[in-house]
>>> print(open('input.txt').read())   # compact mmCIF, C-alpha atoms and all ligand atoms
# COMPACT_ATOMS: atom_id res chain seq x y z
CA MET A 1 9.34 21.61 23.81
CA LYS A 2 7.58 24.06 26.07
CA ILE A 3 7.98 27.79 25.64
CA GLU A 4 6.64 30.52 27.86
CA CYS A 5 5.87 34.14 27.12
CA PRO A 6 8.22 36.21 29.32
CA ASP A 7 5.54 38.89 29.66
CA CYS A 8 2.22 37.17 30.40
CA ARG A 9 3.67 33.69 31.28
CA LYS A 10 1.35 31.96 28.81
CA ALA A 11 2.87 28.53 27.99
CA TYR A 12 2.90 26.81 24.59
CA LYS A 13 3.96 23.35 23.50
CA ILE A 14 5.71 22.97 20.12
CA PRO A 15 6.49 19.44 18.83
CA ASP A 16 10.27 18.80 18.90
CA GLU A 17 10.36 17.87 15.21
CA LYS A 18 9.15 21.37 14.35
CA ILE A 19 11.73 23.17 16.48
CA PRO A 20 14.68 24.65 14.55
CA PHE A 21 17.39 23.42 16.93
CA GLY A 22 20.65 25.19 16.33
CA LYS A 23 18.87 28.40 15.26
CA LYS A 24 17.32 31.48 16.82
CA PHE A 25 13.63 31.98 16.12
CA ALA A 26 10.66 34.02 17.27
CA VAL A 27 6.92 33.59 17.64
CA SER A 28 4.16 35.96 18.76
CA CYS A 29 2.29 35.28 21.99
CA LEU A 30 -1.38 34.70 21.21
CA ASN A 31 -2.31 36.16 24.57
CA CYS A 32 -0.40 39.44 24.84
CA LYS A 33 0.97 39.62 21.23
CA LYS A 34 4.53 40.08 22.52
CA ARG A 35 7.32 38.59 20.43
CA ILE A 36 8.94 35.57 22.11
CA VAL A 37 12.51 35.06 20.96
CA ILE A 38 14.03 31.61 21.51
CA ASP A 39 17.73 31.18 21.00
CA LEU A 40 18.63 27.55 20.33
CA ARG A 41 21.88 28.21 18.56
CA SER A 42 23.80 26.25 21.20
CA GLU A 43 21.20 23.45 21.41
CA ALA A 44 21.53 20.31 19.36
CA LYS A 45 18.48 18.40 18.16
CA PRO A 46 17.46 15.83 20.81
CA ASN A 47 18.14 12.10 20.28
CA LYS A 48 20.70 12.82 17.60
CA PRO A 49 23.34 10.09 17.49
CA PRO A 50 26.63 11.38 18.86
CA GLN A 51 28.70 12.96 16.11
CA PRO A 52 32.38 12.12 15.78
CA LYS A 53 34.49 14.94 17.14
CA LYS A 54 36.07 17.12 14.50
CA PRO A 55 39.83 17.40 14.75
CA GLU A 56 40.77 20.66 16.39
CA LYS A 57 42.00 23.32 14.02
CA LYS A 58 45.38 24.83 14.55
CA ALA A 59 45.33 28.44 15.66
CA GLN A 60 45.38 30.77 12.66
CA ALA A 61 45.58 34.48 12.22
CA VAL A 62 41.99 35.77 12.30
CA GLU A 63 41.00 37.41 9.07
CA PRO A 64 38.06 39.81 8.92
CA ALA A 65 34.86 38.05 7.78
CA PRO A 66 33.83 38.97 4.23
CA GLU A 67 30.84 41.25 3.82
CA PRO A 68 27.66 39.22 3.19
CA SER A 69 26.99 39.11 -0.51
CA PHE A 70 23.45 37.58 -0.31
CA GLY A 71 23.59 36.17 -3.81
CA LYS A 72 24.79 39.31 -5.57
CA ASN A 73 26.17 37.23 -8.43
CA GLN A 74 22.82 35.59 -9.14
CA PRO A 75 19.87 37.23 -10.85
CA SER A 76 17.29 38.80 -8.54
CA GLY A 77 14.51 41.40 -8.54
CA ILE A 78 12.49 42.20 -11.66
CA LYS A 79 14.84 40.25 -13.96
CA LEU A 80 14.48 37.06 -11.92
CA LYS A 81 10.76 37.56 -11.38
CA TYR A 82 10.06 37.88 -15.12
CA GLY A 83 12.25 34.86 -15.75
CA ILE A 84 10.19 32.87 -13.24
CA LEU A 85 6.88 34.15 -14.57
CA ARG A 86 7.85 32.95 -18.04
CA THR A 87 8.14 29.42 -16.61
CA LEU A 88 4.66 29.44 -15.05
CA ASP A 89 3.20 27.93 -18.21
CA ASP A 90 5.37 24.85 -17.74
CA LEU A 91 4.03 24.22 -14.26
CA PRO A 92 1.25 21.73 -13.61
CA ALA A 93 -2.09 23.38 -14.19
CA MET A 94 -4.74 23.48 -11.52
CA PRO A 95 -6.62 20.22 -12.12
CA HIS A 96 -9.55 20.88 -14.40
CA VAL A 97 -11.94 19.11 -12.06
CA VAL A 98 -11.00 21.44 -9.17
CA GLN A 99 -11.63 24.54 -11.29
CA LYS A 100 -14.96 23.16 -12.45
CA ALA A 101 -16.00 22.23 -8.91
CA GLN A 102 -15.10 25.72 -7.65
CA GLY A 103 -17.26 27.22 -10.39
CA ILE A 104 -20.20 24.99 -9.47
CA MET A 105 -19.84 25.77 -5.77
CA ALA A 106 -19.77 29.51 -6.43
CA ARG A 107 -23.17 29.39 -8.18
CA SER A 108 -26.25 29.76 -6.02
CA ASP A 109 -28.39 27.52 -8.28
CA SER A 110 -26.00 24.54 -8.38
CA ASN A 111 -26.67 21.15 -6.86
CA ILE A 112 -24.76 18.18 -5.55
CA LYS A 113 -25.50 16.01 -8.59
CA GLU A 114 -23.54 18.42 -10.80
CA LEU A 115 -20.63 18.20 -8.38
CA ALA A 116 -20.73 14.40 -8.30
CA ARG A 117 -20.82 14.23 -12.12
CA VAL A 118 -17.65 16.35 -12.36
CA ILE A 119 -15.68 13.95 -10.15
CA GLU A 120 -16.88 10.85 -11.92
CA LEU A 121 -15.29 12.09 -15.14
CA GLU A 122 -11.81 11.85 -13.67
CA GLN A 123 -10.93 8.49 -12.26
CA ALA A 124 -7.74 9.46 -10.38
CA ILE A 125 -9.53 12.24 -8.48
CA ALA A 126 -12.59 10.03 -7.89
CA THR A 127 -10.38 7.37 -6.27
CA ARG A 128 -8.72 9.94 -4.02
CA VAL A 129 -12.09 11.46 -3.09
CA LEU A 130 -13.36 8.04 -2.03
CA LYS A 131 -10.23 7.36 -0.01
CA LEU A 132 -10.61 10.68 1.81
CA ALA A 133 -14.35 10.16 2.29
CA ASN A 134 -13.48 6.93 4.13
CA SER A 135 -10.91 8.66 6.39
CA SER A 136 -11.54 8.92 10.08
CA TYR A 137 -12.13 12.65 9.58
CA TYR A 138 -15.64 11.89 8.31
CA GLY A 139 -16.13 9.00 10.72
CA MET A 140 -17.32 6.61 8.00
CA SER A 141 -14.34 4.27 7.63
CA GLY A 142 -14.95 1.89 4.73
CA LYS A 143 -18.63 2.72 4.37
CA VAL A 144 -18.44 5.04 1.34
CA SER A 145 -18.43 2.92 -1.81
CA SER A 146 -19.12 5.32 -4.71
CA ILE A 147 -19.17 9.03 -5.55
CA GLN A 148 -22.96 8.96 -5.57
CA HIS A 149 -22.88 7.36 -2.15
CA ALA A 150 -20.35 9.97 -0.92
CA SER A 151 -22.56 12.80 -2.16
CA VAL A 152 -25.54 11.42 -0.23
CA LEU A 153 -23.58 10.82 2.97
CA LEU A 154 -21.40 13.93 2.99
CA GLY A 155 -23.46 16.65 1.37
CA PHE A 156 -22.56 19.50 -0.98
CA LYS A 157 -20.02 21.42 1.10
CA ALA A 158 -17.98 18.43 2.26
CA LEU A 159 -17.92 16.94 -1.23
CA GLY A 160 -16.67 20.27 -2.61
CA ASP A 161 -13.86 20.28 -0.01
CA LEU A 162 -12.92 16.75 -0.93
CA ILE A 163 -12.60 17.59 -4.62
CA SER A 164 -10.25 20.48 -3.80
CA VAL A 165 -8.20 18.44 -1.34
CA ALA A 166 -7.98 15.43 -3.66
CA GLY A 167 -7.23 17.54 -6.74
CA ILE A 168 -4.42 19.53 -5.14
CA SER A 169 -2.80 16.83 -2.99
CA ASN A 170 -0.28 15.71 -5.63
CA LEU A 171 0.80 19.26 -6.33
CA MET A 172 1.28 20.12 -2.66
CA SER A 173 2.92 16.88 -1.53
CA LYS A 174 6.29 17.57 -3.09
CA ASN A 175 9.59 17.50 -1.30
CA LEU A 176 10.91 21.10 -1.25
CA LYS A 177 14.66 21.14 -0.65
CA GLY A 178 15.04 24.93 -0.64
CA TYR A 179 12.43 25.33 2.10
CA GLN A 180 13.59 22.17 3.89
CA LEU A 181 10.14 20.61 3.61
CA ASP A 182 9.79 16.86 3.38
CA SER A 183 7.08 15.31 1.26
CA GLY A 184 3.79 15.94 3.03
CA ASP A 185 4.96 18.92 5.15
CA LEU A 186 3.54 21.60 2.84
CA TRP A 187 0.47 19.46 2.36
CA ARG A 188 -0.22 19.24 6.11
CA HIS A 189 0.47 22.97 6.50
CA SER A 190 -1.92 23.77 3.65
CA ILE A 191 -4.81 21.70 4.97
CA ALA A 192 -4.19 23.09 8.49
CA VAL A 193 -4.52 26.63 7.11
CA ALA A 194 -7.55 25.58 5.04
CA PHE A 195 -9.34 24.12 8.09
CA GLY A 196 -8.43 27.09 10.29
CA SER A 197 -9.55 29.58 7.62
CA ARG A 198 -12.85 27.80 7.16
CA ILE A 199 -13.64 27.86 10.90
CA ILE A 200 -12.91 31.60 11.15
CA ALA A 201 -14.76 32.48 7.92
CA ASN A 202 -17.77 30.33 8.83
CA ARG A 203 -18.48 32.78 11.63
CA LYS A 204 -19.59 35.15 8.85
CA ASP A 205 -21.27 32.64 6.52
CA THR A 206 -20.62 29.21 5.08
CA GLU A 207 -20.17 30.42 1.50
CA PHE A 208 -17.31 32.60 2.72
CA GLY A 209 -16.08 29.50 4.58
CA ASN A 210 -15.83 27.61 1.26
CA LEU A 211 -13.78 30.41 -0.33
CA ALA A 212 -11.54 30.58 2.73
CA PHE A 213 -10.97 26.81 2.74
CA PHE A 214 -9.82 26.85 -0.88
CA ALA A 215 -7.61 29.94 -0.42
CA GLY A 216 -6.04 28.23 2.61
CA LEU A 217 -5.24 25.15 0.53
CA ILE A 218 -3.26 27.08 -2.08
CA HIS A 219 -1.99 30.11 -0.12
CA ASP A 220 1.65 28.92 -0.14
CA ALA A 221 1.67 27.53 -3.69
CA GLY A 222 4.33 30.15 -4.50
CA MET A 223 6.82 27.99 -2.60
CA LEU A 224 6.41 25.25 -5.21
CA ILE A 225 7.69 27.67 -7.82
CA LEU A 226 10.39 29.40 -5.80
CA ASP A 227 11.89 26.25 -4.28
CA PRO A 228 14.53 25.57 -6.96
CA TYR A 229 15.60 29.25 -6.92
CA VAL A 230 15.86 29.22 -3.12
CA TYR A 231 17.84 25.98 -3.23
CA GLU A 232 20.22 27.44 -5.83
CA ARG A 233 20.92 30.32 -3.42
CA LYS A 234 21.09 28.16 -0.30
CA ASP A 235 24.43 29.64 0.86
CA SER A 236 23.05 33.18 0.62
CA PHE A 237 19.93 32.19 2.56
CA ASP A 238 22.01 30.45 5.26
CA GLU A 239 24.23 33.51 5.54
CA PHE A 240 21.27 35.89 5.76
CA MET A 241 19.56 33.78 8.42
CA ALA A 242 22.70 32.97 10.44
CA ASP A 243 22.22 35.54 13.24
CA GLY A 244 18.65 34.41 13.92
CA GLU A 245 17.30 37.95 13.58
CA ASN A 246 15.65 37.54 10.18
CA THR A 247 12.61 35.70 8.94
CA PHE A 248 12.75 33.49 5.89
CA LEU A 249 10.22 35.80 4.27
CA ASN A 250 12.69 38.68 4.63
CA ALA A 251 15.37 36.47 3.17
CA GLU A 252 13.21 35.83 0.11
CA LYS A 253 12.60 39.55 -0.34
CA THR A 254 16.25 40.48 0.15
CA ILE A 255 17.86 37.72 -1.89
CA LEU A 256 15.28 37.17 -4.61
CA GLY A 257 13.70 40.63 -4.59
CA PHE A 258 10.17 39.29 -3.93
CA ASP A 259 8.55 36.59 -1.81
CA HIS A 260 6.46 33.44 -2.31
CA SER A 261 3.15 35.25 -1.70
CA GLU A 262 3.76 37.55 -4.71
CA ILE A 263 4.51 34.56 -6.93
CA ALA A 264 1.46 32.71 -5.56
CA SER A 265 -0.67 35.67 -6.58
CA GLU A 266 0.69 35.45 -10.17
CA LEU A 267 0.00 31.72 -10.16
CA CYS A 268 -3.57 32.42 -9.01
CA GLN A 269 -4.04 34.58 -12.10
CA LYS A 270 -2.94 31.69 -14.27
CA TRP A 271 -5.32 29.40 -12.36
CA LYS A 272 -8.15 31.96 -12.80
CA ILE A 273 -8.74 32.24 -9.06
CA PRO A 274 -11.25 35.03 -8.24
CA ASN A 275 -9.70 38.37 -7.40
CA ASP A 276 -10.68 38.48 -3.73
CA GLN A 277 -8.92 35.18 -3.03
CA ARG A 278 -5.92 36.22 -5.12
CA ILE A 279 -5.47 39.48 -3.17
CA ALA A 280 -5.87 37.59 0.12
CA ILE A 281 -3.13 35.15 -0.89
CA LYS A 282 -0.87 37.99 -2.00
CA PHE A 283 -1.14 39.64 1.43
CA HIS A 284 -1.37 36.59 3.68
CA HIS A 285 1.85 37.60 5.47
CA ASN A 286 0.94 41.29 5.82
CA PRO A 287 -2.86 41.64 5.76
CA SER A 288 -2.71 45.25 6.98
CA LYS A 289 -1.50 46.14 3.45
CA SER A 290 -4.43 44.39 1.77
CA ASP A 291 -6.78 47.36 1.95
CA GLY A 292 -9.05 45.57 4.43
CA ASN A 293 -9.35 42.23 2.58
CA GLU A 294 -10.92 40.10 5.33
CA LEU A 295 -9.73 36.87 3.79
CA ALA A 296 -6.11 38.07 3.97
CA PHE A 297 -6.53 38.53 7.75
CA ILE A 298 -8.14 35.10 8.03
CA LEU A 299 -5.31 33.39 6.12
CA HIS A 300 -2.76 35.20 8.26
CA MET A 301 -4.44 34.08 11.48
CA ALA A 302 -4.91 30.51 10.25
CA ASP A 303 -1.28 30.42 9.07
CA TYR A 304 -0.21 31.42 12.59
CA ILE A 305 -2.46 28.81 14.21
CA ALA A 306 -1.05 26.13 11.89
CA MET A 307 2.46 27.10 12.94
CA VAL A 308 1.63 27.07 16.66
CA ASN A 309 0.10 23.63 16.15
CA GLY A 310 3.39 22.36 14.72
CA TYR A 311 2.30 22.45 11.06
CA GLY A 312 4.74 25.14 10.03
CA THR A 313 6.54 25.43 6.72
CA GLY A 314 10.09 24.34 7.58
CA THR A 315 12.45 27.29 7.62
CA ASN A 316 9.57 29.70 7.21
CA GLY A 317 7.24 28.54 9.95
CA ALA A 318 9.55 28.92 12.89
CA GLU A 319 9.88 32.67 12.60
CA TYR A 320 6.24 33.41 11.93
CA HIS A 321 5.23 36.75 13.32
CA MET A 322 1.55 37.64 13.69
CA GLU A 323 0.73 41.24 12.76
CA GLU A 324 -0.71 43.38 15.51
CA GLY A 325 -4.47 43.93 15.51
CA VAL A 326 -5.36 40.79 13.52
CA MET A 327 -7.38 39.19 16.32
CA ASP A 328 -9.24 42.45 16.91
CA PHE A 329 -9.96 42.84 13.21
CA LEU A 330 -11.43 39.33 13.13
CA ASP A 331 -13.16 39.77 16.48
CA LEU A 332 -11.43 36.71 17.91
CA ARG A 333 -10.74 36.14 21.58
CA GLU A 334 -8.07 33.90 23.00
CA GLU A 335 -10.65 31.20 23.85
CA ASP A 336 -11.75 31.17 20.19
CA VAL A 337 -8.18 30.69 19.07
CA GLU A 338 -7.67 27.82 21.53
CA TYR A 339 -10.80 26.15 20.17
CA ILE A 340 -9.68 26.63 16.54
CA LYS A 341 -6.22 25.26 17.37
CA LYS A 342 -7.70 22.09 18.81
CA ASP A 343 -10.15 21.62 15.96
CA VAL A 344 -7.43 22.15 13.33
CA GLN A 345 -5.09 19.70 15.04
CA GLU A 346 -7.72 16.96 15.12
CA SER A 347 -8.85 17.55 11.55
CA VAL A 348 -5.33 17.50 10.09
CA ASP A 349 -4.38 14.35 12.01
CA LYS A 350 -7.46 12.50 10.83
CA MET A 351 -7.27 13.56 7.21
CA SER A 352 -3.53 13.44 6.58
CA GLU A 353 -3.28 9.77 7.60
CA GLU A 354 -5.36 8.85 4.56
CA VAL A 355 -3.71 11.21 2.08
CA HIS A 356 -0.27 9.82 2.74
CA ALA A 357 -1.23 6.18 3.22
CA GLY A 358 -0.16 4.56 -0.07
FE FE B 401 3.24 31.98 3.26
FE FE B 402 1.52 29.40 5.13
>>> encode(input="input.txt", output="C-alpha cells", more="lines below")
Ligand SMILES: [Fe+2]
Ligand SMILES: [Fe+2]
Amino acid sequence: MKIECPDCRKAYKIPDEKIPFGKKFAVSCLNCKKRIVIDLRSEAKPNKPPQPKKPEKKAQAVEPAPEPSFGKNQPSGIKLKYGILRTLDDLPAMPHVVQKAQGIMARSDSNIKELARVIELEQAIATRVLKLANSSYYGMSGKVSSIQHASVLLGFKALGDLISVAGISNLMSKNLKGYQLDSGDLWRHSIAVAFGSRIIANRKDTEFGNLAFFAGLIHDAGMLILDPYVYERKDSFDEFMADGENTFLNAEKTILGFDHSEIASELCQKWKIPNDQRIAIKFHHNPSKSDGNELAFILHMADYIAMVNGYGTGTNGAEYHMEEGVMDFLDLREEDVEYIKKDVQESVDKMSEEVHAG
C-alpha cells in the first residue's frame, strides 16, 4: 500500500501484510516530521475470502454505550508490576554464552580465539552460529564448516554478532498472542532494529556499534513478559484502541499502568546488561526523557526505520510516532535514512531466511 504525506507529498510503500486494515493508524513523515493519519476502518484486508453475510439484526431501542472500563476489574499499576517482577526469575535466562561473549567483546585486550572457544562449549549455539554464518547475508553459502573457520572468515565483530543473534533467536521467535505477533515477527523486528542501530552508531565508532546492535536485539524483550497479561486484557485493549486515536504503547500504560520498555529495563537488570544500554532500552519510545542517552535516540530511530520497512511489532508498530528532533540529535539527513532503510531491508531478508529455515 502506498501512503503519501499530505504536507510534503513524500510517498512511502508499506507491505500489505503489515497494514492494520480495519483500523486507524498514524506514522510520522521522515521528510517533514508531520503525522500522517490513515483511516482504514472501512477497509477490509485485501484478498480475504468473502465472508458470509450476517443476518440483519432487528431494530432495537438504542441504549447508551457503557463507559469504557479499561480493565478496572483486573490488577494494574504497582500491584501488577510487582507481581510481574516476581515472575522474572522463572523466565528463560539470557544464554550464558551470550553474556560471556558480550563480556569478551567489551574488553579491549580480548581476541577472536576467546570468542570462538566460548561458542564451542555450547553445541546448540555453535550449530546456529554455523547456520547463520552460511546465510546469504555473509555471502559464503555452505563454505563455513567450523567455528574456527567462521572466526577466520568473518572476524571478531561479525562473530560476536552471530553469537548474540544465535543465542537470542529462540527467546525472540515466540508467537505473542497479546501483541498479535506470529512466530518470527518479533525476531525480524529485533534484528531490523539491531542492524539499523549498528549502522547509526557506527558513525561514531564501531565499539558503540556493537553495543547498539545488542541493545537493538533485546530492546522489545519486555513484550515477551507482558504478552500473557495483554492477552488476558484483550477486550480492554480492543476497547481502548477502537477509535484509532491511541497507540498501543498508551494502551499498555493506561491499562497495565506501565509499558513494555519499563519491564524490559527490569529484565536487563536481571540479565546484567550494562547501565547505558539498560537506560537506552527503557527510553527507546521517548528518548527525550533519557537525559541525552544517545543510544536511546538511536534505538528510537532504528525502531521507526524498522516499522517503515514493514518490520513493525503487530499492533504496536502501526502507530509508531517518531519524536521530534531525533534526526537532528543524531545528525541524520533524509538521504542517510533512505540508505539505512535499504541496508536494513536487505540484511533482514538475507539473515531471517536462515533463522527460520528448519
Ligand atoms: Fe518498543
Ligand atoms: Fe521496537
>>> residues_around(input="input.txt", residues="Tyr138 of chain A", least_positions_apart="6", cutoff="9 Å", atoms="all atoms listed in the file", output="JSON, numbers by chain")
{"A": [132, 154, 350, 351]}
>>> residues_near_ligand(input="input.txt", ligand="ligand FE 401 (chain B)", cutoff="8 Å", atoms="all atoms listed in the file", output="number ranges by chain")
A: 219-220, 223, 260-261, 284-285, 303, 316
>>> write_last_selection(input="input.txt", atoms="C-alpha atoms", output="mmCIF file, keeping the file's coordinate frame")
data_model
loop_
_atom_site.group_PDB
_atom_site.id
_atom_site.type_symbol
_atom_site.label_atom_id
_atom_site.label_comp_id
_atom_site.auth_asym_id
_atom_site.auth_seq_id
_atom_site.Cartn_x
_atom_site.Cartn_y
_atom_site.Cartn_z
ATOM 1 C CA HIS A 219 -1.990 30.110 -0.120
ATOM 2 C CA ASP A 220 1.650 28.920 -0.140
ATOM 3 C CA MET A 223 6.820 27.990 -2.600
ATOM 4 C CA HIS A 260 6.460 33.440 -2.310
ATOM 5 C CA SER A 261 3.150 35.250 -1.700
ATOM 6 C CA HIS A 284 -1.370 36.590 3.680
ATOM 7 C CA HIS A 285 1.850 37.600 5.470
ATOM 8 C CA ASP A 303 -1.280 30.420 9.070
ATOM 9 C CA ASN A 316 9.570 29.700 7.210
#
>>> closest_residue(input="input.txt", among="A:Asn293, A:Phe237, A:Ser190, A:Glu252", to="ligand FE 402 (chain B)", atoms="all atoms listed in the file")
A:Ser190
>>> atom_distance(input="input.txt", atom1="atom CA of Ala194 of chain A", atom2="atom CA of Asp89 of chain A")
25.7 Å
>>> closest_atom_pairs(input="input.txt", of="chain A", to="ligand FE 402 (chain B)", cutoff="12 Å", atoms="all atoms listed in the file", output="JSON lines")
{"residue": "A:Asp185", "atom": "CA", "partner": "B:FE402", "partner_atom": "FE", "distance": 11.0}
{"residue": "A:Leu186", "atom": "CA", "partner": "B:FE402", "partner_atom": "FE", "distance": 8.4}
{"residue": "A:Trp187", "atom": "CA", "partner": "B:FE402", "partner_atom": "FE", "distance": 10.4}
{"residue": "A:Arg188", "atom": "CA", "partner": "B:FE402", "partner_atom": "FE", "distance": 10.4}
{"residue": "A:His189", "atom": "CA", "partner": "B:FE402", "partner_atom": "FE", "distance": 6.7}
{"residue": "A:Ser190", "atom": "CA", "partner": "B:FE402", "partner_atom": "FE", "distance": 6.8}
{"residue": "A:Ile191", "atom": "CA", "partner": "B:FE402", "partner_atom": "FE", "distance": 10.0}
{"residue": "A:Ala192", "atom": "CA", "partner": "B:FE402", "partner_atom": "FE", "distance": 9.1}
{"residue": "A:Val193", "atom": "CA", "partner": "B:FE402", "partner_atom": "FE", "distance": 6.9}
{"residue": "A:Ala194", "atom": "CA", "partner": "B:FE402", "partner_atom": "FE", "distance": 9.8}
{"residue": "A:Gly196", "atom": "CA", "partner": "B:FE402", "partner_atom": "FE", "distance": 11.4}
{"residue": "A:Ser197", "atom": "CA", "partner": "B:FE402", "partner_atom": "FE", "distance": 11.3}
{"residue": "A:Ala215", "atom": "CA", "partner": "B:FE402", "partner_atom": "FE", "distance": 10.7}
{"residue": "A:Gly216", "atom": "CA", "partner": "B:FE402", "partner_atom": "FE", "distance": 8.1}
{"residue": "A:Leu217", "atom": "CA", "partner": "B:FE402", "partner_atom": "FE", "distance": 9.2}
{"residue": "A:Ile218", "atom": "CA", "partner": "B:FE402", "partner_atom": "FE", "distance": 9.0}
{"residue": "A:His219", "atom": "CA", "partner": "B:FE402", "partner_atom": "FE", "distance": 6.4}
{"residue": "A:Asp220", "atom": "CA", "partner": "B:FE402", "partner_atom": "FE", "distance": 5.3}
{"residue": "A:Ala221", "atom": "CA", "partner": "B:FE402", "partner_atom": "FE", "distance": 9.0}
{"residue": "A:Gly222", "atom": "CA", "partner": "B:FE402", "partner_atom": "FE", "distance": 10.1}
{"residue": "A:Met223", "atom": "CA", "partner": "B:FE402", "partner_atom": "FE", "distance": 9.5}
{"residue": "A:Phe248", "atom": "CA", "partner": "B:FE402", "partner_atom": "FE", "distance": 12.0}
{"residue": "A:Leu249", "atom": "CA", "partner": "B:FE402", "partner_atom": "FE", "distance": 10.8}
{"residue": "A:His260", "atom": "CA", "partner": "B:FE402", "partner_atom": "FE", "distance": 9.8}
{"residue": "A:Ser261", "atom": "CA", "partner": "B:FE402", "partner_atom": "FE", "distance": 9.1}
{"residue": "A:Ala264", "atom": "CA", "partner": "B:FE402", "partner_atom": "FE", "distance": 11.2}
{"residue": "A:Ile281", "atom": "CA", "partner": "B:FE402", "partner_atom": "FE", "distance": 9.5}
{"residue": "A:Lys282", "atom": "CA", "partner": "B:FE402", "partner_atom": "FE", "distance": 11.4}
{"residue": "A:Phe283", "atom": "CA", "partner": "B:FE402", "partner_atom": "FE", "distance": 11.2}
{"residue": "A:His284", "atom": "CA", "partner": "B:FE402", "partner_atom": "FE", "distance": 7.9}
{"residue": "A:His285", "atom": "CA", "partner": "B:FE402", "partner_atom": "FE", "distance": 8.2}
{"residue": "A:Asn286", "atom": "CA", "partner": "B:FE402", "partner_atom": "FE", "distance": 11.9}
{"residue": "A:Ala296", "atom": "CA", "partner": "B:FE402", "partner_atom": "FE", "distance": 11.6}
{"residue": "A:Ile298", "atom": "CA", "partner": "B:FE402", "partner_atom": "FE", "distance": 11.6}
{"residue": "A:Leu299", "atom": "CA", "partner": "B:FE402", "partner_atom": "FE", "distance": 8.0}
{"residue": "A:His300", "atom": "CA", "partner": "B:FE402", "partner_atom": "FE", "distance": 7.9}
{"residue": "A:Met301", "atom": "CA", "partner": "B:FE402", "partner_atom": "FE", "distance": 9.9}
{"residue": "A:Ala302", "atom": "CA", "partner": "B:FE402", "partner_atom": "FE", "distance": 8.3}
{"residue": "A:Asp303", "atom": "CA", "partner": "B:FE402", "partner_atom": "FE", "distance": 4.9}
{"residue": "A:Tyr304", "atom": "CA", "partner": "B:FE402", "partner_atom": "FE", "distance": 7.9}
{"residue": "A:Ile305", "atom": "CA", "partner": "B:FE402", "partner_atom": "FE", "distance": 9.9}
{"residue": "A:Ala306", "atom": "CA", "partner": "B:FE402", "partner_atom": "FE", "distance": 7.9}
{"residue": "A:Met307", "atom": "CA", "partner": "B:FE402", "partner_atom": "FE", "distance": 8.2}
{"residue": "A:Val308", "atom": "CA", "partner": "B:FE402", "partner_atom": "FE", "distance": 11.8}
{"residue": "A:Tyr311", "atom": "CA", "partner": "B:FE402", "partner_atom": "FE", "distance": 9.2}
{"residue": "A:Gly312", "atom": "CA", "partner": "B:FE402", "partner_atom": "FE", "distance": 7.2}
{"residue": "A:Thr313", "atom": "CA", "partner": "B:FE402", "partner_atom": "FE", "distance": 6.6}
{"residue": "A:Gly314", "atom": "CA", "partner": "B:FE402", "partner_atom": "FE", "distance": 10.2}
{"residue": "A:Thr315", "atom": "CA", "partner": "B:FE402", "partner_atom": "FE", "distance": 11.4}
{"residue": "A:Asn316", "atom": "CA", "partner": "B:FE402", "partner_atom": "FE", "distance": 8.3}
{"residue": "A:Gly317", "atom": "CA", "partner": "B:FE402", "partner_atom": "FE", "distance": 7.5}
{"residue": "A:Ala318", "atom": "CA", "partner": "B:FE402", "partner_atom": "FE", "distance": 11.2}
{"residue": "A:Glu319", "atom": "CA", "partner": "B:FE402", "partner_atom": "FE", "distance": 11.7}
{"residue": "A:Tyr320", "atom": "CA", "partner": "B:FE402", "partner_atom": "FE", "distance": 9.2}
{"residue": "A:His321", "atom": "CA", "partner": "B:FE402", "partner_atom": "FE", "distance": 11.6}
{"residue": "A:Met322", "atom": "CA", "partner": "B:FE402", "partner_atom": "FE", "distance": 11.9}
>>> residues_near_point(input="input.txt", point="(-9.0, 11.0, -0.1)", cutoff="12 Å", atoms="only C-alpha atoms", output="PyMOL selection string")
chain A and resi 124-138+141-142+144+147+150+158-159+161-170+350-358
>>> write_last_selection(input="input.txt", atoms="C-alpha atoms", output="short mmCIF file (atom, residue, chain, number, x, y, z; two decimals), in the frame of the given file")
data_model
loop_
_atom_site.label_atom_id
_atom_site.label_comp_id
_atom_site.auth_asym_id
_atom_site.auth_seq_id
_atom_site.Cartn_x
_atom_site.Cartn_y
_atom_site.Cartn_z
CA ALA A 124 -7.74 9.46 -10.38
CA ILE A 125 -9.53 12.24 -8.48
CA ALA A 126 -12.59 10.03 -7.89
CA THR A 127 -10.38 7.37 -6.27
CA ARG A 128 -8.72 9.94 -4.02
CA VAL A 129 -12.09 11.46 -3.09
CA LEU A 130 -13.36 8.04 -2.03
CA LYS A 131 -10.23 7.36 -0.01
CA LEU A 132 -10.61 10.68 1.81
CA ALA A 133 -14.35 10.16 2.29
CA ASN A 134 -13.48 6.93 4.13
CA SER A 135 -10.91 8.66 6.39
CA SER A 136 -11.54 8.92 10.08
CA TYR A 137 -12.13 12.65 9.58
CA TYR A 138 -15.64 11.89 8.31
CA SER A 141 -14.34 4.27 7.63
CA GLY A 142 -14.95 1.89 4.73
CA VAL A 144 -18.44 5.04 1.34
CA ILE A 147 -19.17 9.03 -5.55
CA ALA A 150 -20.35 9.97 -0.92
CA ALA A 158 -17.98 18.43 2.26
CA LEU A 159 -17.92 16.94 -1.23
CA ASP A 161 -13.86 20.28 -0.01
CA LEU A 162 -12.92 16.75 -0.93
CA ILE A 163 -12.60 17.59 -4.62
CA SER A 164 -10.25 20.48 -3.80
CA VAL A 165 -8.20 18.44 -1.34
CA ALA A 166 -7.98 15.43 -3.66
CA GLY A 167 -7.23 17.54 -6.74
CA ILE A 168 -4.42 19.53 -5.14
CA SER A 169 -2.80 16.83 -2.99
CA ASN A 170 -0.28 15.71 -5.63
CA LYS A 350 -7.46 12.50 10.83
CA MET A 351 -7.27 13.56 7.21
CA SER A 352 -3.53 13.44 6.58
CA GLU A 353 -3.28 9.77 7.60
CA GLU A 354 -5.36 8.85 4.56
CA VAL A 355 -3.71 11.21 2.08
CA HIS A 356 -0.27 9.82 2.74
CA ALA A 357 -1.23 6.18 3.22
CA GLY A 358 -0.16 4.56 -0.07
#
>>> residues_near_point(input="input.txt", point="(13.8, 41.7, -1.1)", cutoff="12 Å", atoms="all atoms listed in the file", output="count of residues only")
24
>>> residues_around(input="input.txt", residues="Leu332 of chain A", least_positions_apart="4", cutoff="12 Å", atoms="only C-alpha atoms", output="number ranges by chain")
A: 30-31, 199-201, 203, 297-298, 301-302, 325-328, 336-340
>>> atom_distance(input="input.txt", atom1="atom CA of Ile112 of chain A", atom2="atom CA of Ser151 of chain A")
6.7 Å
